[in-house]
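Enquirer: Data file target.pdb (PDB, C-alpha atoms) is appended below.
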ATOM      1  CA  MET A 114       0.000   0.000   0.000  1.00  0.00           C
ATOM      2  CA  LYS A 115       1.115   3.551  -0.717  1.00  0.00           C
ATOM      3  CA  LEU A 116      -0.372   6.633   0.892  1.00  0.00           C
ATOM      4  CA  SER A 117      -0.648  10.260  -0.110  1.00  0.00           C
ATOM      5  CA  ASP A 118      -2.314  13.014   1.846  1.00  0.00           C
ATOM      6  CA  ARG A 119      -3.462  16.579   1.240  1.00  0.00           C
ATOM      7  CA  ILE A 120      -5.673  19.253   2.717  1.00  0.00           C
ATOM      8  CA  GLN A 121      -8.600  20.695   0.805  1.00  0.00           C
ATOM      9  CA  ASP A 122     -11.000  23.263   2.311  1.00  0.00           C
ATOM     10  CA  ASP A 123      -9.649  22.502   5.800  1.00  0.00           C
ATOM     11  CA  VAL A 124     -10.453  18.822   5.350  1.00  0.00           C
ATOM     12  CA  VAL A 125      -7.723  16.163   5.484  1.00  0.00           C
ATOM     13  CA  ILE A 126      -7.850  13.855   2.468  1.00  0.00           C
ATOM     14  CA  LEU A 127      -6.017  10.538   2.797  1.00  0.00           C
ATOM     15  CA  GLU A 128      -5.517   8.570  -0.414  1.00  0.00           C
ATOM     16  CA  PRO A 129      -4.256   5.016   0.122  1.00  0.00           C
ATOM     17  CA  THR A 130      -3.390   2.984  -2.961  1.00  0.00           C
ATOM     18  CA  GLY A 131      -3.163  -0.792  -3.322  1.00  0.00           C
ATOM     19  CA  LYS A 132      -4.091  -3.354  -0.689  1.00  0.00           C
ATOM     20  CA  ILE A 133      -4.506  -2.764   3.046  1.00  0.00           C
ATOM     21  CA  MET A 134      -3.695  -6.128   4.602  1.00  0.00           C
ATOM     22  CA  GLY A 135      -1.640  -5.531   7.764  1.00  0.00           C
ATOM     23  CA  GLY A 136       2.053  -5.273   8.510  1.00  0.00           C
ATOM     24  CA  PRO A 137       4.124  -2.134   7.957  1.00  0.00           C
ATOM     25  CA  ASP A 138       1.939  -0.920   5.074  1.00  0.00           C
ATOM     26  CA  ALA A 139      -1.168  -0.695   7.233  1.00  0.00           C
ATOM     27  CA  SER A 140       0.745   1.196   9.935  1.00  0.00           C
ATOM     28  CA  LEU A 141       1.306   3.970   7.382  1.00  0.00           C
ATOM     29  CA  LEU A 142      -2.423   4.748   7.220  1.00  0.00           C
ATOM     30  CA  HIS A 143      -2.883   4.489  10.986  1.00  0.00           C
ATOM     31  CA  ASP A 144       0.125   6.714  11.736  1.00  0.00           C
ATOM     32  CA  LYS A 145      -0.800   9.380   9.174  1.00  0.00           C
ATOM     33  CA  LEU A 146      -4.379   9.501  10.453  1.00  0.00           C
ATOM     34  CA  TYR A 147      -3.209  10.014  14.038  1.00  0.00           C
ATOM     35  CA  GLU A 148      -0.592  12.544  12.928  1.00  0.00           C
ATOM     36  CA  TYR A 149      -3.416  14.790  11.696  1.00  0.00           C
ATOM     37  CA  ILE A 150      -5.628  14.108  14.727  1.00  0.00           C
ATOM     38  CA  GLU A 151      -2.760  15.211  16.991  1.00  0.00           C
ATOM     39  CA  LYS A 152      -2.520  18.432  14.943  1.00  0.00           C
ATOM     40  CA  ASN A 153      -6.202  18.993  15.761  1.00  0.00           C
ATOM     41  CA  MET A 154      -7.252  18.379  12.141  1.00  0.00           C
ATOM     42  CA  LYS A 155     -10.469  16.554  12.895  1.00  0.00           C
ATOM     43  CA  ARG A 156     -12.332  16.510   9.584  1.00  0.00           C
ATOM     44  CA  VAL A 157     -11.011  13.582   7.591  1.00  0.00           C
ATOM     45  CA  VAL A 158     -11.998  11.915   4.321  1.00  0.00           C
ATOM     46  CA  ILE A 159     -10.412   8.630   3.286  1.00  0.00           C
ATOM     47  CA  ASP A 160     -10.561   8.270  -0.492  1.00  0.00           C
ATOM     48  CA  LEU A 161     -10.741   4.539  -1.252  1.00  0.00           C
ATOM     49  CA  ALA A 162     -10.871   4.833  -5.055  1.00  0.00           C
ATOM     50  CA  GLN A 163      -7.422   3.286  -5.534  1.00  0.00           C
ATOM     51  CA  VAL A 164      -7.679   0.580  -2.874  1.00  0.00           C
ATOM     52  CA  ASP A 165      -7.932  -2.871  -4.483  1.00  0.00           C
ATOM     53  CA  TRP A 166      -9.103  -4.479  -1.253  1.00  0.00           C
ATOM     54  CA  MET A 167      -8.650  -4.415   2.485  1.00  0.00           C
ATOM     55  CA  ASN A 168      -9.018  -7.037   5.191  1.00  0.00           C
ATOM     56  CA  SER A 169     -10.108  -6.803   8.818  1.00  0.00           C
ATOM     57  CA  THR A 170      -6.857  -5.018   9.689  1.00  0.00           C
ATOM     58  CA  GLY A 171      -7.839  -2.212   7.314  1.00  0.00           C
ATOM     59  CA  LEU A 172     -11.368  -2.131   8.707  1.00  0.00           C
ATOM     60  CA  GLY A 173      -9.882  -1.949  12.217  1.00  0.00           C
ATOM     61  CA  ILE A 174      -7.842   1.116  11.244  1.00  0.00           C
ATOM     62  CA  LEU A 175     -10.947   2.808   9.829  1.00  0.00           C
ATOM     63  CA  ILE A 176     -12.886   2.016  13.029  1.00  0.00           C
ATOM     64  CA  SER A 177     -10.037   3.274  15.218  1.00  0.00           C
ATOM     65  CA  GLY A 178      -9.933   6.569  13.299  1.00  0.00           C
ATOM     66  CA  TYR A 179     -13.711   6.866  13.308  1.00  0.00           C
ATOM     67  CA  THR A 180     -14.059   6.398  17.076  1.00  0.00           C
ATOM     68  CA  THR A 181     -11.050   8.569  17.953  1.00  0.00           C
ATOM     69  CA  LEU A 182     -12.378  11.429  15.821  1.00  0.00           C
ATOM     70  CA  ARG A 183     -15.961  11.028  17.039  1.00  0.00           C
ATOM     71  CA  ASN A 184     -14.799  11.112  20.661  1.00  0.00           C
ATOM     72  CA  SER A 185     -13.018  14.412  20.023  1.00  0.00           C
ATOM     73  CA  ASN A 186     -15.879  16.031  18.106  1.00  0.00           C
ATOM     74  CA  GLY A 187     -14.353  15.233  14.741  1.00  0.00           C
ATOM     75  CA  GLU A 188     -15.580  13.134  11.833  1.00  0.00           C
ATOM     76  CA  LEU A 189     -14.190  10.511   9.494  1.00  0.00           C
ATOM     77  CA  LYS A 190     -15.975   9.915   6.190  1.00  0.00           C
ATOM     78  CA  LEU A 191     -15.290   7.560   3.308  1.00  0.00           C
ATOM     79  CA  ALA A 192     -15.343   8.448  -0.388  1.00  0.00           C
ATOM     80  CA  ASN A 193     -15.258   6.404  -3.597  1.00  0.00           C
ATOM     81  CA  VAL A 194     -15.881   3.098  -1.843  1.00  0.00           C
ATOM     82  CA  THR A 195     -15.225   0.315  -4.358  1.00  0.00           C
ATOM     83  CA  ASP A 196     -17.624  -2.601  -4.819  1.00  0.00           C
ATOM     84  CA  LYS A 197     -15.300  -5.001  -3.002  1.00  0.00           C
ATOM     85  CA  ILE A 198     -14.957  -2.772   0.051  1.00  0.00           C
ATOM     86  CA  GLN A 199     -18.670  -1.918   0.010  1.00  0.00           C
ATOM     87  CA  SER A 200     -19.343  -5.648   0.109  1.00  0.00           C
ATOM     88  CA  LEU A 201     -17.056  -6.018   3.148  1.00  0.00           C
ATOM     89  CA  LEU A 202     -18.757  -3.088   4.905  1.00  0.00           C
ATOM     90  CA  THR A 203     -22.111  -4.719   4.226  1.00  0.00           C
ATOM     91  CA  ILE A 204     -21.288  -8.218   5.490  1.00  0.00           C
ATOM     92  CA  THR A 205     -19.650  -6.799   8.630  1.00  0.00           C
ATOM     93  CA  LYS A 206     -22.554  -4.345   9.206  1.00  0.00           C
ATOM     94  CA  LEU A 207     -20.024  -1.503   9.249  1.00  0.00           C
ATOM     95  CA  VAL A 208     -22.108   0.049   6.491  1.00  0.00           C
ATOM     96  CA  THR A 209     -24.290   1.237   9.389  1.00  0.00           C
ATOM     97  CA  VAL A 210     -21.292   2.977  10.999  1.00  0.00           C
ATOM     98  CA  PHE A 211     -19.469   4.806   8.217  1.00  0.00           C
ATOM     99  CA  GLU A 212     -20.808   7.732   6.223  1.00  0.00           C
ATOM    100  CA  THR A 213     -19.892   7.184   2.571  1.00  0.00           C
ATOM    101  CA  HIS A 214     -19.913   9.558  -0.420  1.00  0.00           C
ATOM    102  CA  ASP A 215     -19.608   9.066  -4.163  1.00  0.00           C
ATOM    103  CA  SER A 216     -16.769  11.571  -4.453  1.00  0.00           C
ATOM    104  CA  VAL A 217     -14.247  13.427  -2.299  1.00  0.00           C
ATOM    105  CA  GLU A 218     -15.958  16.706  -3.220  1.00  0.00           C
ATOM    106  CA  ASP A 219     -19.328  15.425  -1.960  1.00  0.00           C
ATOM    107  CA  ALA A 220     -17.689  14.269   1.260  1.00  0.00           C
ATOM    108  CA  ILE A 221     -16.039  17.670   1.797  1.00  0.00           C
ATOM    109  CA  LYS A 222     -19.319  19.529   1.161  1.00  0.00           C
ATOM    110  CA  SER A 223     -21.109  17.278   3.660  1.00  0.00           C
ATOM    111  CA  PHE A 224     -19.033  18.662   6.547  1.00  0.00           C
ATOM    112  CA  ASP A 225     -20.814  22.011   6.169  1.00  0.00           C
ATOM    113  CA  SER A 226     -24.331  20.653   5.762  1.00  0.00           C
TER     114      SER A 226
ATOM    115  CA  MET B1001      14.446 -18.734   8.537  1.00  0.00           C
ATOM    116  CA  ASP B1002      14.815 -15.040   7.721  1.00  0.00           C
ATOM    117  CA  LYS B1003      13.034 -14.742   4.374  1.00  0.00           C
ATOM    118  CA  PRO B1004      10.189 -16.423   2.459  1.00  0.00           C
ATOM    119  CA  GLN B1005      10.865 -19.695   0.686  1.00  0.00           C
ATOM    120  CA  VAL B1006       8.828 -20.955  -2.259  1.00  0.00           C
ATOM    121  CA  LYS B1007       8.807 -24.639  -3.148  1.00  0.00           C
ATOM    122  CA  GLY B1008       6.339 -25.774  -5.803  1.00  0.00           C
ATOM    123  CA  ASN B1009       2.852 -24.834  -4.665  1.00  0.00           C
ATOM    124  CA  THR B1010       3.964 -23.856  -1.153  1.00  0.00           C
ATOM    125  CA  ILE B1011       5.362 -20.689   0.394  1.00  0.00           C
ATOM    126  CA  THR B1012       6.822 -20.629   3.896  1.00  0.00           C
ATOM    127  CA  ILE B1013       7.401 -17.312   5.642  1.00  0.00           C
ATOM    128  CA  PRO B1014       8.980 -16.239   8.919  1.00  0.00           C
ATOM    129  CA  SER B1015       6.338 -15.295  11.468  1.00  0.00           C
ATOM    130  CA  ASN B1016       6.304 -11.584  10.645  1.00  0.00           C
ATOM    131  CA  ALA B1017       3.511  -9.518   9.069  1.00  0.00           C
ATOM    132  CA  LYS B1018       5.985  -7.774   6.770  1.00  0.00           C
ATOM    133  CA  PHE B1019       5.937 -10.950   4.653  1.00  0.00           C
ATOM    134  CA  LEU B1020       2.173 -10.783   4.021  1.00  0.00           C
ATOM    135  CA  THR B1021       2.821  -9.209   0.629  1.00  0.00           C
ATOM    136  CA  ASP B1022       5.026 -12.148  -0.385  1.00  0.00           C
ATOM    137  CA  VAL B1023       2.199 -14.577   0.365  1.00  0.00           C
ATOM    138  CA  ASP B1024      -0.269 -12.362  -1.482  1.00  0.00           C
ATOM    139  CA  GLU B1025       1.903 -12.161  -4.613  1.00  0.00           C
ATOM    140  CA  PHE B1026       2.390 -15.940  -4.554  1.00  0.00           C
ATOM    141  CA  ILE B1027      -1.325 -16.747  -4.158  1.00  0.00           C
ATOM    142  CA  GLU B1028      -2.620 -14.082  -6.557  1.00  0.00           C
ATOM    143  CA  GLY B1029      -0.013 -15.096  -9.152  1.00  0.00           C
ATOM    144  CA  GLN B1030      -1.143 -18.718  -9.051  1.00  0.00           C
ATOM    145  CA  LEU B1031      -4.828 -17.755  -9.232  1.00  0.00           C
ATOM    146  CA  ARG B1032      -4.130 -15.492 -12.207  1.00  0.00           C
ATOM    147  CA  ASP B1033      -2.315 -18.319 -13.974  1.00  0.00           C
ATOM    148  CA  TRP B1034      -5.506 -20.348 -13.578  1.00  0.00           C
ATOM    149  CA  GLY B1035      -7.550 -17.557 -15.184  1.00  0.00           C
ATOM    150  CA  THR B1036      -9.448 -16.648 -12.020  1.00  0.00           C
ATOM    151  CA  ALA B1037     -11.705 -13.576 -12.154  1.00  0.00           C
ATOM    152  CA  ASP B1038     -10.397 -10.489 -10.313  1.00  0.00           C
ATOM    153  CA  SER B1039     -13.317 -10.432  -7.870  1.00  0.00           C
ATOM    154  CA  VAL B1040     -12.733 -14.071  -6.866  1.00  0.00           C
ATOM    155  CA  ILE B1041      -8.981 -13.452  -6.563  1.00  0.00           C
ATOM    156  CA  ALA B1042      -9.734 -10.593  -4.162  1.00  0.00           C
ATOM    157  CA  ASP B1043     -12.040 -12.759  -2.019  1.00  0.00           C
ATOM    158  CA  ILE B1044      -9.391 -15.478  -1.745  1.00  0.00           C
ATOM    159  CA  ALA B1045      -6.525 -12.999  -1.208  1.00  0.00           C
ATOM    160  CA  ILE B1046      -8.428 -11.222   1.574  1.00  0.00           C
ATOM    161  CA  SER B1047      -9.149 -14.565   3.244  1.00  0.00           C
ATOM    162  CA  VAL B1048      -5.538 -15.746   3.009  1.00  0.00           C
ATOM    163  CA  SER B1049      -4.296 -12.455   4.471  1.00  0.00           C
ATOM    164  CA  GLU B1050      -6.697 -12.873   7.404  1.00  0.00           C
ATOM    165  CA  LEU B1051      -5.485 -16.391   8.110  1.00  0.00           C
ATOM    166  CA  VAL B1052      -1.795 -15.531   7.791  1.00  0.00           C
ATOM    167  CA  ASN B1053      -2.264 -12.540  10.119  1.00  0.00           C
ATOM    168  CA  ASN B1054      -3.998 -14.808  12.636  1.00  0.00           C
ATOM    169  CA  ALA B1055      -1.316 -17.483  12.271  1.00  0.00           C
ATOM    170  CA  ILE B1056       1.420 -14.945  13.038  1.00  0.00           C
ATOM    171  CA  VAL B1057      -0.308 -13.111  15.880  1.00  0.00           C
ATOM    172  CA  HIS B1058      -2.414 -15.804  17.559  1.00  0.00           C
ATOM    173  CA  GLY B1059      -0.983 -19.114  16.325  1.00  0.00           C
ATOM    174  CA  ASN B1060       2.730 -18.408  16.625  1.00  0.00           C
ATOM    175  CA  LYS B1061       2.246 -15.618  19.213  1.00  0.00           C
ATOM    176  CA  ALA B1062       4.480 -13.428  16.999  1.00  0.00           C
ATOM    177  CA  SER B1063       7.480 -15.592  17.911  1.00  0.00           C
ATOM    178  CA  PRO B1064      10.379 -14.647  15.608  1.00  0.00           C
ATOM    179  CA  ASP B1065      11.349 -18.330  15.436  1.00  0.00           C
ATOM    180  CA  GLY B1066       7.954 -19.442  14.135  1.00  0.00           C
ATOM    181  CA  VAL B1067       6.984 -19.999  10.512  1.00  0.00           C
ATOM    182  CA  VAL B1068       3.723 -19.967   8.588  1.00  0.00           C
ATOM    183  CA  THR B1069       3.250 -22.308   5.639  1.00  0.00           C
ATOM    184  CA  VAL B1070       0.737 -21.603   2.883  1.00  0.00           C
ATOM    185  CA  SER B1071      -0.006 -24.044   0.079  1.00  0.00           C
ATOM    186  CA  ILE B1072      -2.445 -23.850  -2.815  1.00  0.00           C
ATOM    187  CA  ARG B1073      -3.931 -26.577  -4.972  1.00  0.00           C
ATOM    188  CA  ARG B1074      -6.682 -26.941  -7.530  1.00  0.00           C
ATOM    189  CA  SER B1075      -9.124 -29.770  -8.000  1.00  0.00           C
ATOM    190  CA  GLY B1076     -11.408 -29.208 -10.948  1.00  0.00           C
ATOM    191  CA  ASP B1077     -12.901 -25.752 -10.504  1.00  0.00           C
ATOM    192  CA  THR B1078     -12.213 -25.587  -6.779  1.00  0.00           C
ATOM    193  CA  VAL B1079      -9.143 -24.025  -5.204  1.00  0.00           C
ATOM    194  CA  THR B1080      -8.047 -25.067  -1.732  1.00  0.00           C
ATOM    195  CA  ILE B1081      -5.492 -23.202   0.344  1.00  0.00           C
ATOM    196  CA  ASP B1082      -3.949 -24.501   3.562  1.00  0.00           C
ATOM    197  CA  VAL B1083      -2.519 -22.056   6.098  1.00  0.00           C
ATOM    198  CA  ALA B1084      -0.499 -23.808   8.807  1.00  0.00           C
ATOM    199  CA  ASP B1085       1.023 -22.360  11.959  1.00  0.00           C
ATOM    200  CA  GLU B1086       2.713 -23.840  15.016  1.00  0.00           C
ATOM    201  CA  GLY B1087       0.074 -22.904  17.592  1.00  0.00           C
ATOM    202  CA  GLY B1088      -2.561 -24.729  19.554  1.00  0.00           C
ATOM    203  CA  GLY B1089      -5.560 -23.743  17.476  1.00  0.00           C
ATOM    204  CA  PHE B1090      -8.845 -22.162  18.410  1.00  0.00           C
ATOM    205  CA  ASN B1091     -12.527 -22.920  18.485  1.00  0.00           C
ATOM    206  CA  PRO B1092     -14.394 -20.757  15.948  1.00  0.00           C
ATOM    207  CA  ALA B1093     -17.531 -21.112  18.077  1.00  0.00           C
ATOM    208  CA  GLU B1094     -15.801 -19.218  20.905  1.00  0.00           C
ATOM    209  CA  ILE B1095     -15.186 -16.075  18.845  1.00  0.00           C
ATOM    210  CA  ASP B1096     -17.488 -13.159  19.695  1.00  0.00           C
ATOM    211  CA  ASP B1097     -20.133 -12.410  17.084  1.00  0.00           C
ATOM    212  CA  PRO B1098     -18.758  -9.300  15.297  1.00  0.00           C
ATOM    213  CA  LEU B1099     -22.268  -8.339  14.144  1.00  0.00           C
ATOM    214  CA  LYS B1100     -23.619  -7.787  17.652  1.00  0.00           C
ATOM    215  CA  ASP B1101     -24.102  -4.127  18.492  1.00  0.00           C
ATOM    216  CA  GLU B1102     -21.651  -4.284  21.396  1.00  0.00           C
ATOM    217  CA  ASN B1103     -18.908  -5.654  19.100  1.00  0.00           C
ATOM    218  CA  LEU B1104     -19.513  -3.481  16.046  1.00  0.00           C
ATOM    219  CA  LEU B1105     -16.895  -0.863  16.918  1.00  0.00           C
ATOM    220  CA  LYS B1106     -14.240  -3.321  18.071  1.00  0.00           C
ATOM    221  CA  GLU B1107     -11.078  -2.903  16.020  1.00  0.00           C
ATOM    222  CA  VAL B1108     -10.346  -6.647  15.948  1.00  0.00           C
ATOM    223  CA  GLY B1109     -12.251  -9.907  15.947  1.00  0.00           C
ATOM    224  CA  ARG B1110     -13.885 -10.063  12.520  1.00  0.00           C
ATOM    225  CA  GLY B1111     -11.167 -11.887  10.503  1.00  0.00           C
ATOM    226  CA  ILE B1112     -12.584 -15.418  10.694  1.00  0.00           C
ATOM    227  CA  PHE B1113     -16.095 -14.082  10.137  1.00  0.00           C
ATOM    228  CA  ILE B1114     -14.910 -12.439   6.900  1.00  0.00           C
ATOM    229  CA  VAL B1115     -13.165 -15.643   5.778  1.00  0.00           C
ATOM    230  CA  GLU B1116     -16.335 -17.670   6.407  1.00  0.00           C
ATOM    231  CA  SER B1117     -18.345 -15.090   4.465  1.00  0.00           C
ATOM    232  CA  LEU B1118     -16.067 -14.992   1.416  1.00  0.00           C
ATOM    233  CA  MET B1119     -15.100 -18.661   1.071  1.00  0.00           C
ATOM    234  CA  ASP B1120     -17.248 -21.693   0.242  1.00  0.00           C
ATOM    235  CA  LYS B1121     -15.689 -23.938   2.896  1.00  0.00           C
ATOM    236  CA  VAL B1122     -13.502 -23.416   5.990  1.00  0.00           C
ATOM    237  CA  ASP B1123     -11.992 -26.309   7.924  1.00  0.00           C
ATOM    238  CA  VAL B1124      -9.861 -26.010  11.101  1.00  0.00           C
ATOM    239  CA  ARG B1125      -7.558 -28.896  12.049  1.00  0.00           C
ATOM    240  CA  VAL B1126      -5.412 -28.967  15.189  1.00  0.00           C
ATOM    241  CA  GLU B1127      -2.574 -31.395  14.584  1.00  0.00           C
ATOM    242  CA  GLY B1128       0.548 -32.471  16.415  1.00  0.00           C
ATOM    243  CA  ARG B1129       2.757 -29.550  15.475  1.00  0.00           C
ATOM    244  CA  GLY B1130       0.194 -26.803  15.030  1.00  0.00           C
ATOM    245  CA  THR B1131      -3.025 -25.694  13.434  1.00  0.00           C
ATOM    246  CA  THR B1132      -3.978 -25.874   9.772  1.00  0.00           C
ATOM    247  CA  ILE B1133      -6.925 -23.988   8.343  1.00  0.00           C
ATOM    248  CA  SER B1134      -8.089 -25.100   4.894  1.00  0.00           C
ATOM    249  CA  ILE B1135     -10.250 -22.791   2.812  1.00  0.00           C
ATOM    250  CA  SER B1136     -11.884 -23.643  -0.506  1.00  0.00           C
ATOM    251  CA  LYS B1137     -13.697 -21.699  -3.187  1.00  0.00           C
ATOM    252  CA  ALA B1138     -14.952 -22.366  -6.701  1.00  0.00           C
ATOM    253  CA  ILE B1139     -13.045 -20.265  -9.219  1.00  0.00           C
ATOM    254  CA  ALA B1140     -15.202 -20.945 -12.258  1.00  0.00           C
TER     255      ALA B1140
END
Kindly return the structure encoded in the file as structure tokens.

Expert:
Amino acid sequence: MKLSDRIQDDVVILEPTGKIMGGPDASLLHDKLYEYIEKNMKRVVIDLAQVDWMNSTGLGILISGYTTLRNSNGELKLANVTDKIQSLLTITKLVTVFETHDSVEDAIKSFDS
Amino acid sequence: MDKPQVKGNTITIPSNAKFLTDVDEFIEGQLRDWGTADSVIADIAISVSELVNNAIVHGNKASPDGVVTVSIRRSGDTVTIDVADEGGGFNPAEIDDPLKDENLLKEVGRGIFIVESLMDKVDVRVEGRGTTISISKAIA
């Protein structure tokens, strides 16, 4: 997995690429997420467009970020969820937890609505 | 052992999550050679990554001396993958239900549930030297 990050309209956009399966690669996403949380950047969108698949380790990182942000009055949203990841969110019932958007722009706009 | 070893249809890795990608490349490469659809490859690859993670963390207790062995075979249209560790095994019935409201936000504990959801068959065998989990799925 590779990871890029940027800030758009005061929202942190994290863009992982590849597979999120555990090991050092998965730590990248976790560490970058918490790096921004520690800087008090609490509006985060994870763009999943380029993620081939993730396993329960990846889901655990998303949940960790979601709960940490929620507990500090922040929000984590998902954008461009691929069919494979949507299927995983559905079978694990996490589809009821995460707010998802069809594009990063939609996710950013939703913070102000 | 300090690096992965491939022998025929088997890859053996040191008990360290940094070698997950080696297992993934080995399994996905074999499935691609058999003309497996991308969606099915992803289901199998996700499942194998879950089992190898579990084998490292729970089976071998992250011992640097442990190894995890993964083998793949095809019988007709069905692929079977064995993931073997050196631990004492577990009872799938004792794992908390990850779909219960009180477990929904737990960061761990849904790996085996995902494997059972994505694969056609899951079989756990505790043997003399460790635990082997066999997973099967039709690829055509």

Enquirer: Counting all atoms listed in the file, which residues sit no farther than 6 Å from the position (-13.9, -14.9, -9.1) in the file's frame? I'd like them as an mmCIF file with C-alpha atoms, in the frame of the given file.

Expert:
data_model
loop_
_atom_site.group_PDB
_atom_site.id
_atom_site.type_symbol
_atom_site.label_atom_id
_atom_site.label_comp_id
_atom_site.auth_asym_id
_atom_site.auth_seq_id
_atom_site.Cartn_x
_atom_site.Cartn_y
_atom_site.Cartn_z
ATOM 1 C CA THR B 1036 -9.448 -16.648 -12.020
ATOM 2 C CA ALA B 1037 -11.705 -13.576 -12.154
ATOM 3 C CA ASP B 1038 -10.397 -10.489 -10.313
ATOM 4 C CA SER B 1039 -13.317 -10.432 -7.870
ATOM 5 C CA VAL B 1040 -12.733 -14.071 -6.866
ATOM 6 C CA ILE B 1041 -8.981 -13.452 -6.563
ATOM 7 C CA ILE B 1139 -13.045 -20.265 -9.219
#

Enquirer: Considering all atoms listed in the file, return as a compact mmCIF listing (two decimals) with C-alpha atoms, in the frame of the given file whatever protein or nucleic-acid residues lie within 10 Å of Gly1088 in chain B, sequence-local ones (same chain, fewer than 3 positions apart) excluded.

Expert:
# COMPACT_ATOMS: atom_id res chain seq x y z
CA HIS B 1058 -2.41 -15.80 17.56
CA GLY B 1059 -0.98 -19.11 16.32
CA ASN B 1060 2.73 -18.41 16.62
CA ASP B 1085 1.02 -22.36 11.96
CA ARG B 1125 -7.56 -28.90 12.05
CA VAL B 1126 -5.41 -28.97 15.19
CA GLU B 1127 -2.57 -31.40 14.58
CA GLY B 1128 0.55 -32.47 16.42
CA ARG B 1129 2.76 -29.55 15.48
CA GLY B 1130 0.19 -26.80 15.03
CA THR B 1131 -3.02 -25.69 13.43
CA THR B 1132 -3.98 -25.87 9.77

Enquirer: Give me, as number ranges by chain, the contact residues of chain B against chain A at a cut-off of 8 Å, counting all atoms listed in the file.

Expert: B: 1016-1020, 1039, 1042, 1046-1047, 1049-1050, 1053, 1098-1099, 1104-1108, 1110-1111, 1114, 1117

Enquirer: Near Ile1095 in chain B, counting only C-alpha atoms, which residues have an atom at most 9 Å away, once you skip same-chain residues fewer than 2 positions from it, shown as a ChimeraX atom specification?

Expert: /B:1090-1093,1097-1098,1109-1110,1112-1113

Enquirer: What lies within 8 Å of range 185-190 of chain A using all atoms listed in the file, ignoring chain neighbours under 2 positions off, as a count of residues only?

Expert: 16

Enquirer: Ranking A:Glu151, A:Thr130, A:Asn193, A:Ser140 by minimum distance to Val164 in chain A and counting only C-alpha atoms, which one comes first?

Expert: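 Looking only at the distances to Val164 in chain A, the closest residue turns out to be A:Thr130.
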
Enquirer: Kindly give the distance, in Å, that separates CA of Asn1009 in chain B and CA of Val1115 in chain B, rounded to a single decimal.

Expert: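 Straight-line distance from CA of Asn1009 in chain B to CA of Val1115 in chain B works out to 21.2 Å.
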
Enquirer: In Å to one decimal, how far is CA of Asp1002 in chain B from CA of Asp1065 in chain B?

Expert: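 That distance, rounded to one decimal, is 9.1 Å.
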
Enquirer: Name every residue that the PyMOL selection byres ((chain A and resi 160) around 8) selects in this structure, writing the answer as a list in words with chains first and numbers rising.

Expert: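 So the PyMOL selection byres ((chain A and resi 160) around 8), applied here, picks out Ile126, Leu127, Glu128, Pro129, Val158, Ile159, Leu161, Ala162, Gln163, Leu191, Ala192, Asn193, Val194 and Val217 of chain A.
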
Enquirer: Take the residues that were just selected and, keeping C-alpha atoms, output them as a JSON list (two decimals), keeping the file's coordinate frame.

Expert:
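Just written: again-v3.json:
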[["chain", "number", "residue", "atom", "x", "y", "z"],
["A", 126, "ILE", "CA", -7.85, 13.86, 2.47],
["A", 127, "LEU", "CA", -6.02, 10.54, 2.80],
["A", 128, "GLU", "CA", -5.52, 8.57, -0.41],
["A", 129, "PRO", "CA", -4.26, 5.02, 0.12],
["A", 158, "VAL", "CA", -12.00, 11.92, 4.32],
["A", 159, "ILE", "CA", -10.41, 8.63, 3.29],
["A", 161, "LEU", "CA", -10.74, 4.54, -1.25],
["A", 162, "ALA", "CA", -10.87, 4.83, -5.06],
["A", 163, "GLN", "CA", -7.42, 3.29, -5.53],
["A", 191, "LEU", "CA", -15.29, 7.56, 3.31],
["A", 192, "ALA", "CA", -15.34, 8.45, -0.39],
["A", 193, "ASN", "CA", -15.26, 6.40, -3.60],
["A", 194, "VAL", "CA", -15.88, 3.10, -1.84],
["A", 217, "VAL", "CA", -14.25, 13.43, -2.30]]
